[in-house]
Amino acid sequence: MSELKSEFLDVFSVLKSELLNDPAFEFTDDTRQWVERVIPHLSLCYFFLFSPVALGCLLILLSTGKLNRGLSVIDSYKILNQGRELSDDEIFLACALGWCIEWFQAYFLVLDDMVDGCHTRRGQPCWFRLPKVGMIAVNDGLILRNQIFRILRKHFRGKPYYVDLLDLFNEVEFQTASGQMIDLITTLQGEKDLSKYSLSIHRRIVQYKTAYYSFYLPVGCALLMAGENLENHTDVKNALVEMGIYFQVQDDFLDCFGDPEVIGKVGTDIEDFKCSWLVVKALERANEEQKKLLYENYGKADQACVAKVKELYKALDIQGAFAEYESKCYEKITKQIEAYPSQTVQAVLKSFLAKIYKRQK
């Protein structure tokens, strides 16, 4: 395990202990045990099944999780400080903000899985599918959401940027929920209609549902810790949102064409009728006969239908279209970054782009 991830996990243990002893609520044994059961799920974006065995393996499971969003806060803050050795307090605060983002994602995933009626996430049962959880998961999601602001209050209330932190998390939460709304009303259950799908709709869903919290929020937190005014960094936000959109297009591509052994899952975007970049690009390129084939086969669990859609993607050279998109997108984002006056901020953005460019998982 890297030293950075080890420090990050140490802070998780501290935050968990603080939350389970929050003086604002009188915990009983039952309530403490329930919350203690919920919290570990966020450490892998709540991907592992809690059990007595899992409890003993918690640190092993944590160490194998990506935690990229949370770790990005520390990475970015270190770069902004140009290699200066950070104090223990600075490291703790950067880690705490990173965990707030991991809590943020877990809160949304708990509720998102319920709305979508999912059964598993990364091969494990969704939280609400576990015995004795069910609809209680709605309240569990709200508890996870509120714990973000308990962490911020305890550790950042005396900081000059505290109000800006609250504003940042509130704004990104609103944007993420709004992106989820666009996604849901575009794909209403029982109303499968490919005519609603377009590149502009796909971009709006991805921009609001994913890009702001996955890419802008970690850097925004680091900038605030470094004493920066976010209003002076609109171009940073724009570049990070572009990266977030590019990242999701990669995800869409890998869902269909990636190696399941490498990406860790078998893609189901076709079966799930997802508003994927691949299908909207296919609709853009297809003739009427090919569109008819898409309408007849997209969104069906039958593997014969899935195979027909994949064959059509190959016929329409969607792989070539993605390669062209990736090249142009990289060039566009690189120009945005290099136009930025601050070399240290450029370094933060280049670090993000290097992590995702031509990724295979």
# chains A, B, ... in the order shown; residues from 1 in each chain; ligands from 1
>>> residues_around(residues="Thr344 of chain A", least_positions_apart="2", cutoff="7 Å", atoms="only C-alpha atoms", output="PyMOL selection string")
chain A and resi 79-80+82+342+346-348
>>> write_last_selection(atoms="N, CA and C atoms", output="mmCIF file, in the first residue's frame")
data_model
loop_
_atom_site.group_PDB
_atom_site.id
_atom_site.type_symbol
_atom_site.label_atom_id
_atom_site.label_comp_id
_atom_site.auth_asym_id
_atom_site.auth_seq_id
_atom_site.Cartn_x
_atom_site.Cartn_y
_atom_site.Cartn_z
ATOM 1 N N ILE A 79 0.680 19.405 -4.971
ATOM 2 C CA ILE A 79 1.191 20.074 -6.170
ATOM 3 C C ILE A 79 1.068 21.584 -6.038
ATOM 4 N N LEU A 80 -0.072 22.055 -5.509
ATOM 5 C CA LEU A 80 -0.269 23.498 -5.326
ATOM 6 C C LEU A 80 0.767 24.098 -4.384
ATOM 7 N N GLN A 82 3.838 23.114 -4.317
ATOM 8 C CA GLN A 82 5.110 23.022 -5.040
ATOM 9 C C GLN A 82 6.165 22.207 -4.300
ATOM 10 N N SER A 342 -1.120 30.171 -14.263
ATOM 11 C CA SER A 342 -0.386 29.597 -13.131
ATOM 12 C C SER A 342 0.213 28.245 -13.492
ATOM 13 N N GLN A 346 -1.526 24.526 -13.612
ATOM 14 C CA GLN A 346 -1.317 23.706 -14.817
ATOM 15 C C GLN A 346 -0.852 22.304 -14.419
ATOM 16 N N ALA A 347 0.045 22.241 -13.466
ATOM 17 C CA ALA A 347 0.584 20.946 -13.031
ATOM 18 C C ALA A 347 -0.503 20.061 -12.433
ATOM 19 N N VAL A 348 -1.424 20.672 -11.677
ATOM 20 C CA VAL A 348 -2.549 19.921 -11.113
ATOM 21 C C VAL A 348 -3.407 19.337 -12.232
#
>>> residues_around(residues="Gln147 of chain A", least_positions_apart="3", cutoff="9 Å", atoms="only C-alpha atoms", output="ChimeraX atom specification")
/A:19,100,103,142-144,150-152
>>> write_last_selection(atoms="all heavy atoms", output="PDB file, in the first residue's frame")
ATOM      1  N   LEU A  19     -17.574  10.235  14.292  1.00  0.00           N
ATOM      2  CA  LEU A  19     -18.988  10.217  13.904  1.00  0.00           C
ATOM      3  C   LEU A  19     -19.808   9.292  14.793  1.00  0.00           C
ATOM      4  O   LEU A  19     -20.977   9.566  15.071  1.00  0.00           O
ATOM      5  CB  LEU A  19     -19.116   9.811  12.433  1.00  0.00           C
ATOM      6  CG  LEU A  19     -18.594  10.841  11.427  1.00  0.00           C
ATOM      7  CD1 LEU A  19     -18.463  10.218  10.050  1.00  0.00           C
ATOM      8  CD2 LEU A  19     -19.501  12.064  11.372  1.00  0.00           C
ATOM      9  N   CYS A 100     -14.679  13.312   2.663  1.00  0.00           N
ATOM     10  CA  CYS A 100     -15.998  13.937   2.462  1.00  0.00           C
ATOM     11  C   CYS A 100     -16.508  13.657   1.050  1.00  0.00           C
ATOM     12  O   CYS A 100     -17.707  13.436   0.843  1.00  0.00           O
ATOM     13  CB  CYS A 100     -15.917  15.445   2.705  1.00  0.00           C
ATOM     14  SG  CYS A 100     -15.845  15.919   4.451  1.00  0.00           S
ATOM     15  N   TRP A 103     -17.608  10.072   0.969  1.00  0.00           N
ATOM     16  CA  TRP A 103     -18.925  10.013   1.621  1.00  0.00           C
ATOM     17  C   TRP A 103     -20.000  10.503   0.646  1.00  0.00           C
ATOM     18  O   TRP A 103     -21.082   9.926   0.554  1.00  0.00           O
ATOM     19  CB  TRP A 103     -18.917  10.917   2.856  1.00  0.00           C
ATOM     20  CG  TRP A 103     -19.006  10.250   4.195  1.00  0.00           C
ATOM     21  CD1 TRP A 103     -20.141   9.986   4.909  1.00  0.00           C
ATOM     22  CD2 TRP A 103     -17.922   9.791   5.015  1.00  0.00           C
ATOM     23  NE1 TRP A 103     -19.828   9.400   6.123  1.00  0.00           N
ATOM     24  CE2 TRP A 103     -18.471   9.260   6.205  1.00  0.00           C
ATOM     25  CE3 TRP A 103     -16.540   9.766   4.863  1.00  0.00           C
ATOM     26  CZ2 TRP A 103     -17.689   8.719   7.237  1.00  0.00           C
ATOM     27  CZ3 TRP A 103     -15.762   9.233   5.886  1.00  0.00           C
ATOM     28  CH2 TRP A 103     -16.333   8.720   7.047  1.00  0.00           C
ATOM     29  N   LEU A 142     -29.258   9.485   3.682  1.00  0.00           N
ATOM     30  CA  LEU A 142     -29.339  10.819   4.286  1.00  0.00           C
ATOM     31  C   LEU A 142     -28.350  10.971   5.435  1.00  0.00           C
ATOM     32  O   LEU A 142     -27.770  12.047   5.627  1.00  0.00           O
ATOM     33  CB  LEU A 142     -30.765  11.087   4.777  1.00  0.00           C
ATOM     34  CG  LEU A 142     -31.828  11.195   3.678  1.00  0.00           C
ATOM     35  CD1 LEU A 142     -33.218  11.333   4.300  1.00  0.00           C
ATOM     36  CD2 LEU A 142     -31.534  12.386   2.764  1.00  0.00           C
ATOM     37  N   ILE A 143     -28.160   9.895   6.193  1.00  0.00           N
ATOM     38  CA  ILE A 143     -27.174   9.947   7.277  1.00  0.00           C
ATOM     39  C   ILE A 143     -25.779  10.147   6.702  1.00  0.00           C
ATOM     40  O   ILE A 143     -24.999  10.981   7.185  1.00  0.00           O
ATOM     41  CB  ILE A 143     -27.244   8.669   8.141  1.00  0.00           C
ATOM     42  CG1 ILE A 143     -28.502   8.695   9.011  1.00  0.00           C
ATOM     43  CG2 ILE A 143     -25.995   8.537   9.023  1.00  0.00           C
ATOM     44  CD1 ILE A 143     -28.734   7.441   9.816  1.00  0.00           C
ATOM     45  N   LEU A 144     -25.433   9.389   5.656  1.00  0.00           N
ATOM     46  CA  LEU A 144     -24.135   9.569   5.014  1.00  0.00           C
ATOM     47  C   LEU A 144     -23.970  11.002   4.522  1.00  0.00           C
ATOM     48  O   LEU A 144     -22.910  11.613   4.686  1.00  0.00           O
ATOM     49  CB  LEU A 144     -23.986   8.595   3.834  1.00  0.00           C
ATOM     50  CG  LEU A 144     -23.816   7.117   4.182  1.00  0.00           C
ATOM     51  CD1 LEU A 144     -23.870   6.271   2.916  1.00  0.00           C
ATOM     52  CD2 LEU A 144     -22.520   6.859   4.924  1.00  0.00           C
ATOM     53  N   ARG A 150     -21.043  17.180   9.202  1.00  0.00           N
ATOM     54  CA  ARG A 150     -20.537  17.037  10.567  1.00  0.00           C
ATOM     55  C   ARG A 150     -19.006  17.071  10.550  1.00  0.00           C
ATOM     56  O   ARG A 150     -18.369  17.670  11.414  1.00  0.00           O
ATOM     57  CB  ARG A 150     -21.022  15.729  11.202  1.00  0.00           C
ATOM     58  CG  ARG A 150     -22.533  15.563  11.273  1.00  0.00           C
ATOM     59  CD  ARG A 150     -23.212  16.705  11.993  1.00  0.00           C
ATOM     60  NE  ARG A 150     -22.847  16.724  13.416  1.00  0.00           N
ATOM     61  CZ  ARG A 150     -23.131  17.741  14.231  1.00  0.00           C
ATOM     62  NH1 ARG A 150     -23.739  18.825  13.752  1.00  0.00           N
ATOM     63  NH2 ARG A 150     -22.801  17.683  15.502  1.00  0.00           N
ATOM     64  N   ILE A 151     -18.399  16.401   9.545  1.00  0.00           N
ATOM     65  CA  ILE A 151     -16.935  16.412   9.406  1.00  0.00           C
ATOM     66  C   ILE A 151     -16.444  17.827   9.124  1.00  0.00           C
ATOM     67  O   ILE A 151     -15.486  18.317   9.744  1.00  0.00           O
ATOM     68  CB  ILE A 151     -16.491  15.454   8.282  1.00  0.00           C
ATOM     69  CG1 ILE A 151     -16.795  14.005   8.653  1.00  0.00           C
ATOM     70  CG2 ILE A 151     -14.992  15.622   7.984  1.00  0.00           C
ATOM     71  CD1 ILE A 151     -16.625  13.007   7.511  1.00  0.00           C
ATOM     72  N   LEU A 152     -17.102  18.509   8.187  1.00  0.00           N
ATOM     73  CA  LEU A 152     -16.693  19.875   7.832  1.00  0.00           C
ATOM     74  C   LEU A 152     -16.811  20.814   9.032  1.00  0.00           C
ATOM     75  O   LEU A 152     -15.930  21.639   9.286  1.00  0.00           O
ATOM     76  CB  LEU A 152     -17.541  20.392   6.667  1.00  0.00           C
ATOM     77  CG  LEU A 152     -17.350  19.684   5.318  1.00  0.00           C
ATOM     78  CD1 LEU A 152     -18.301  20.249   4.267  1.00  0.00           C
ATOM     79  CD2 LEU A 152     -15.908  19.791   4.833  1.00  0.00           C
TER      80      LEU A 152
END
>>> select_by_dssp(residues="segment 310-348 of chain A", states="helix (DSSP H, G or I)", output="ChimeraX atom specification")
/A:310-315,318-338,343-348
>>> write_last_selection(atoms="N, CA and C atoms", output="compact mmCIF listing (two decimals), in the first residue's frame")
# COMPACT_ATOMS: atom_id res chain seq x y z
N LYS A 310 -23.70 -4.78 -30.94
CA LYS A 310 -22.24 -4.71 -30.99
C LYS A 310 -21.73 -4.85 -32.42
N GLU A 311 -22.35 -5.70 -33.19
CA GLU A 311 -21.96 -5.86 -34.60
C GLU A 311 -22.22 -4.57 -35.37
N LEU A 312 -23.34 -3.92 -35.05
CA LEU A 312 -23.65 -2.65 -35.70
C LEU A 312 -22.63 -1.59 -35.32
N TYR A 313 -22.24 -1.56 -34.05
CA TYR A 313 -21.20 -0.61 -33.62
C TYR A 313 -19.92 -0.81 -34.44
N LYS A 314 -19.58 -2.06 -34.70
CA LYS A 314 -18.38 -2.34 -35.50
C LYS A 314 -18.56 -1.89 -36.94
N ALA A 315 -19.76 -2.14 -37.49
CA ALA A 315 -20.04 -1.74 -38.87
C ALA A 315 -19.99 -0.23 -39.03
N ILE A 318 -17.59 2.62 -34.65
CA ILE A 318 -17.67 3.41 -33.42
C ILE A 318 -16.32 3.46 -32.72
N GLN A 319 -15.53 2.38 -32.85
CA GLN A 319 -14.19 2.38 -32.28
C GLN A 319 -13.32 3.47 -32.91
N GLY A 320 -13.44 3.61 -34.23
CA GLY A 320 -12.70 4.68 -34.91
C GLY A 320 -13.18 6.05 -34.50
N ALA A 321 -14.49 6.19 -34.33
CA ALA A 321 -15.08 7.47 -33.89
C ALA A 321 -14.58 7.84 -32.50
N PHE A 322 -14.46 6.82 -31.63
CA PHE A 322 -13.95 7.08 -30.28
C PHE A 322 -12.49 7.51 -30.32
N ALA A 323 -11.68 6.84 -31.13
CA ALA A 323 -10.26 7.20 -31.25
C ALA A 323 -10.11 8.64 -31.72
N GLU A 324 -10.95 9.04 -32.67
CA GLU A 324 -10.92 10.42 -33.16
C GLU A 324 -11.35 11.40 -32.07
N TYR A 325 -12.43 11.03 -31.35
CA TYR A 325 -12.91 11.88 -30.25
C TYR A 325 -11.83 12.04 -29.19
N GLU A 326 -11.18 10.92 -28.81
CA GLU A 326 -10.18 10.95 -27.75
C GLU A 326 -9.01 11.86 -28.13
N SER A 327 -8.56 11.75 -29.38
CA SER A 327 -7.44 12.57 -29.85
C SER A 327 -7.79 14.06 -29.81
N LYS A 328 -8.98 14.40 -30.33
CA LYS A 328 -9.39 15.81 -30.36
C LYS A 328 -9.64 16.35 -28.95
N CYS A 329 -10.22 15.51 -28.11
CA CYS A 329 -10.51 15.92 -26.75
C CYS A 329 -9.22 16.20 -25.97
N TYR A 330 -8.24 15.32 -26.13
CA TYR A 330 -6.95 15.50 -25.46
C TYR A 330 -6.29 16.80 -25.92
N GLU A 331 -6.34 17.04 -27.21
CA GLU A 331 -5.74 18.25 -27.77
C GLU A 331 -6.45 19.50 -27.22
N LYS A 332 -7.78 19.47 -27.16
CA LYS A 332 -8.55 20.61 -26.68
C LYS A 332 -8.25 20.90 -25.21
N ILE A 333 -8.26 19.84 -24.37
CA ILE A 333 -8.02 20.03 -22.94
C ILE A 333 -6.59 20.50 -22.69
N THR A 334 -5.63 19.95 -23.44
CA THR A 334 -4.23 20.36 -23.28
C THR A 334 -4.07 21.85 -23.58
N LYS A 335 -4.75 22.33 -24.62
CA LYS A 335 -4.68 23.76 -24.95
C LYS A 335 -5.30 24.61 -23.84
N GLN A 336 -6.42 24.13 -23.27
CA GLN A 336 -7.04 24.84 -22.16
C GLN A 336 -6.08 24.95 -20.98
N ILE A 337 -5.40 23.86 -20.70
CA ILE A 337 -4.48 23.83 -19.56
C ILE A 337 -3.30 24.76 -19.79
N GLU A 338 -2.71 24.67 -20.98
CA GLU A 338 -1.50 25.46 -21.26
C GLU A 338 -1.78 26.95 -21.38
N GLN A 343 1.54 28.13 -13.35
CA GLN A 343 2.22 26.88 -13.65
C GLN A 343 1.84 25.77 -12.66
N THR A 344 1.61 26.14 -11.40
CA THR A 344 1.25 25.12 -10.41
C THR A 344 -0.15 24.56 -10.67
N VAL A 345 -1.08 25.44 -11.06
CA VAL A 345 -2.42 24.96 -11.40
C VAL A 345 -2.35 24.12 -12.67
N GLN A 346 -1.53 24.53 -13.61
CA GLN A 346 -1.32 23.71 -14.82
C GLN A 346 -0.85 22.30 -14.42
N ALA A 347 0.04 22.24 -13.47
CA ALA A 347 0.58 20.95 -13.03
C ALA A 347 -0.50 20.06 -12.43
N VAL A 348 -1.42 20.67 -11.68
CA VAL A 348 -2.55 19.92 -11.11
C VAL A 348 -3.41 19.34 -12.23
>>> residues_around(residues="Asp302 of chain A", least_positions_apart="5", cutoff="9 Å", atoms="only C-alpha atoms", output="MDAnalysis selection string")
chainID A and resid 271 297 307
>>> write_last_selection(atoms="C-alpha atoms", output="CSV table (one decimal), in the first residue's frame")
chain,number,residue,atom,x,y,z
A,271,GLU,CA,-29.0,-4.3,-21.9
A,297,ASN,CA,-32.4,-4.6,-30.2
A,307,ALA,CA,-24.6,-9.1,-30.2
>>> atom_distance(atom1="atom CA of Arg37 of chain A", atom2="atom CA of Asp140 of chain A")
10.2 Å
>>> residues_around(residues="Leu168 of chain A", least_positions_apart="3", cutoff="12 Å", atoms="only C-alpha atoms", output="NGL selection string")
:A and (97 or 100-101 or 149 or 152 or 161-165 or 171-175 or 212-213 or 216-224 or 229-231 or 237)
>>> write_last_selection(atoms="N, CA and C atoms", output="tab-separated table (two decimals), in the first residue's frame")
chain	number	residue	atom	x	y	z
A	97	LEU	N	-11.07	16.14	3.76
A	97	LEU	CA	-11.85	16.62	2.62
A	97	LEU	C	-12.00	15.53	1.56
A	100	CYS	N	-14.68	13.31	2.66
A	100	CYS	CA	-16.00	13.94	2.46
A	100	CYS	C	-16.51	13.66	1.05
A	101	ILE	N	-15.59	13.65	0.07
A	101	ILE	CA	-15.98	13.35	-1.30
A	101	ILE	C	-16.34	11.88	-1.45
A	149	PHE	N	-21.24	17.05	6.48
A	149	PHE	CA	-21.27	18.38	7.08
A	149	PHE	C	-20.90	18.35	8.56
A	152	LEU	N	-17.10	18.51	8.19
A	152	LEU	CA	-16.69	19.88	7.83
A	152	LEU	C	-16.81	20.81	9.03
A	161	TYR	N	-11.92	29.66	5.01
A	161	TYR	CA	-12.60	29.18	3.80
A	161	TYR	C	-13.77	28.24	4.11
A	162	TYR	N	-14.18	28.17	5.38
A	162	TYR	CA	-15.25	27.24	5.78
A	162	TYR	C	-16.54	27.47	5.01
A	163	VAL	N	-16.98	28.71	4.93
A	163	VAL	CA	-18.23	29.01	4.22
A	163	VAL	C	-18.11	28.66	2.75
A	164	ASP	N	-16.94	28.90	2.17
A	164	ASP	CA	-16.72	28.57	0.76
A	164	ASP	C	-16.77	27.05	0.55
A	165	LEU	N	-16.27	26.28	1.52
A	165	LEU	CA	-16.35	24.82	1.44
A	165	LEU	C	-17.81	24.36	1.44
A	171	GLU	N	-23.29	23.35	-3.83
A	171	GLU	CA	-23.48	23.59	-5.27
A	171	GLU	C	-23.26	22.32	-6.07
A	172	VAL	N	-22.21	21.58	-5.76
A	172	VAL	CA	-21.92	20.35	-6.50
A	172	VAL	C	-22.99	19.29	-6.23
A	173	GLU	N	-23.52	19.26	-5.01
A	173	GLU	CA	-24.61	18.33	-4.71
A	173	GLU	C	-25.84	18.65	-5.57
A	174	PHE	N	-26.16	19.94	-5.68
A	174	PHE	CA	-27.29	20.36	-6.51
A	174	PHE	C	-27.06	19.98	-7.98
A	175	GLN	N	-25.85	20.19	-8.46
A	175	GLN	CA	-25.54	19.86	-9.85
A	175	GLN	C	-25.64	18.36	-10.09
A	212	TYR	N	-18.76	17.23	-12.29
A	212	TYR	CA	-18.53	18.22	-11.24
A	212	TYR	C	-18.01	17.57	-9.96
A	213	TYR	N	-18.63	16.48	-9.51
A	213	TYR	CA	-18.20	15.91	-8.23
A	213	TYR	C	-16.95	15.05	-8.37
A	216	TYR	N	-14.11	18.29	-10.57
A	216	TYR	CA	-13.97	19.65	-10.06
A	216	TYR	C	-13.92	19.71	-8.54
A	217	LEU	N	-14.75	18.92	-7.87
A	217	LEU	CA	-14.84	18.99	-6.40
A	217	LEU	C	-13.50	18.73	-5.71
A	218	PRO	N	-12.73	17.69	-6.07
A	218	PRO	CA	-11.44	17.48	-5.40
A	218	PRO	C	-10.48	18.66	-5.56
A	219	VAL	N	-10.41	19.20	-6.78
A	219	VAL	CA	-9.49	20.33	-7.02
A	219	VAL	C	-10.02	21.59	-6.35
A	220	GLY	N	-11.33	21.79	-6.37
A	220	GLY	CA	-11.92	22.94	-5.68
A	220	GLY	C	-11.58	22.92	-4.20
A	221	CYS	N	-11.65	21.75	-3.57
A	221	CYS	CA	-11.29	21.62	-2.15
A	221	CYS	C	-9.82	21.99	-1.93
A	222	ALA	N	-8.95	21.47	-2.79
A	222	ALA	CA	-7.52	21.75	-2.65
A	222	ALA	C	-7.22	23.24	-2.85
A	223	LEU	N	-7.88	23.87	-3.81
A	223	LEU	CA	-7.67	25.30	-4.05
A	223	LEU	C	-8.10	26.13	-2.84
A	224	LEU	N	-9.24	25.77	-2.24
A	224	LEU	CA	-9.70	26.50	-1.06
A	224	LEU	C	-8.72	26.33	0.10
A	229	ASN	N	-9.35	31.82	-4.24
A	229	ASN	CA	-10.75	32.17	-4.45
A	229	ASN	C	-11.24	31.44	-5.70
A	230	LEU	N	-12.24	30.59	-5.55
A	230	LEU	CA	-12.70	29.76	-6.69
A	230	LEU	C	-13.25	30.61	-7.83
A	231	GLU	N	-13.73	31.80	-7.52
A	231	GLU	CA	-14.25	32.67	-8.59
A	231	GLU	C	-13.16	33.10	-9.56
A	237	LYS	N	-12.31	25.09	-13.61
A	237	LYS	CA	-13.55	24.32	-13.56
A	237	LYS	C	-13.91	23.81	-14.96
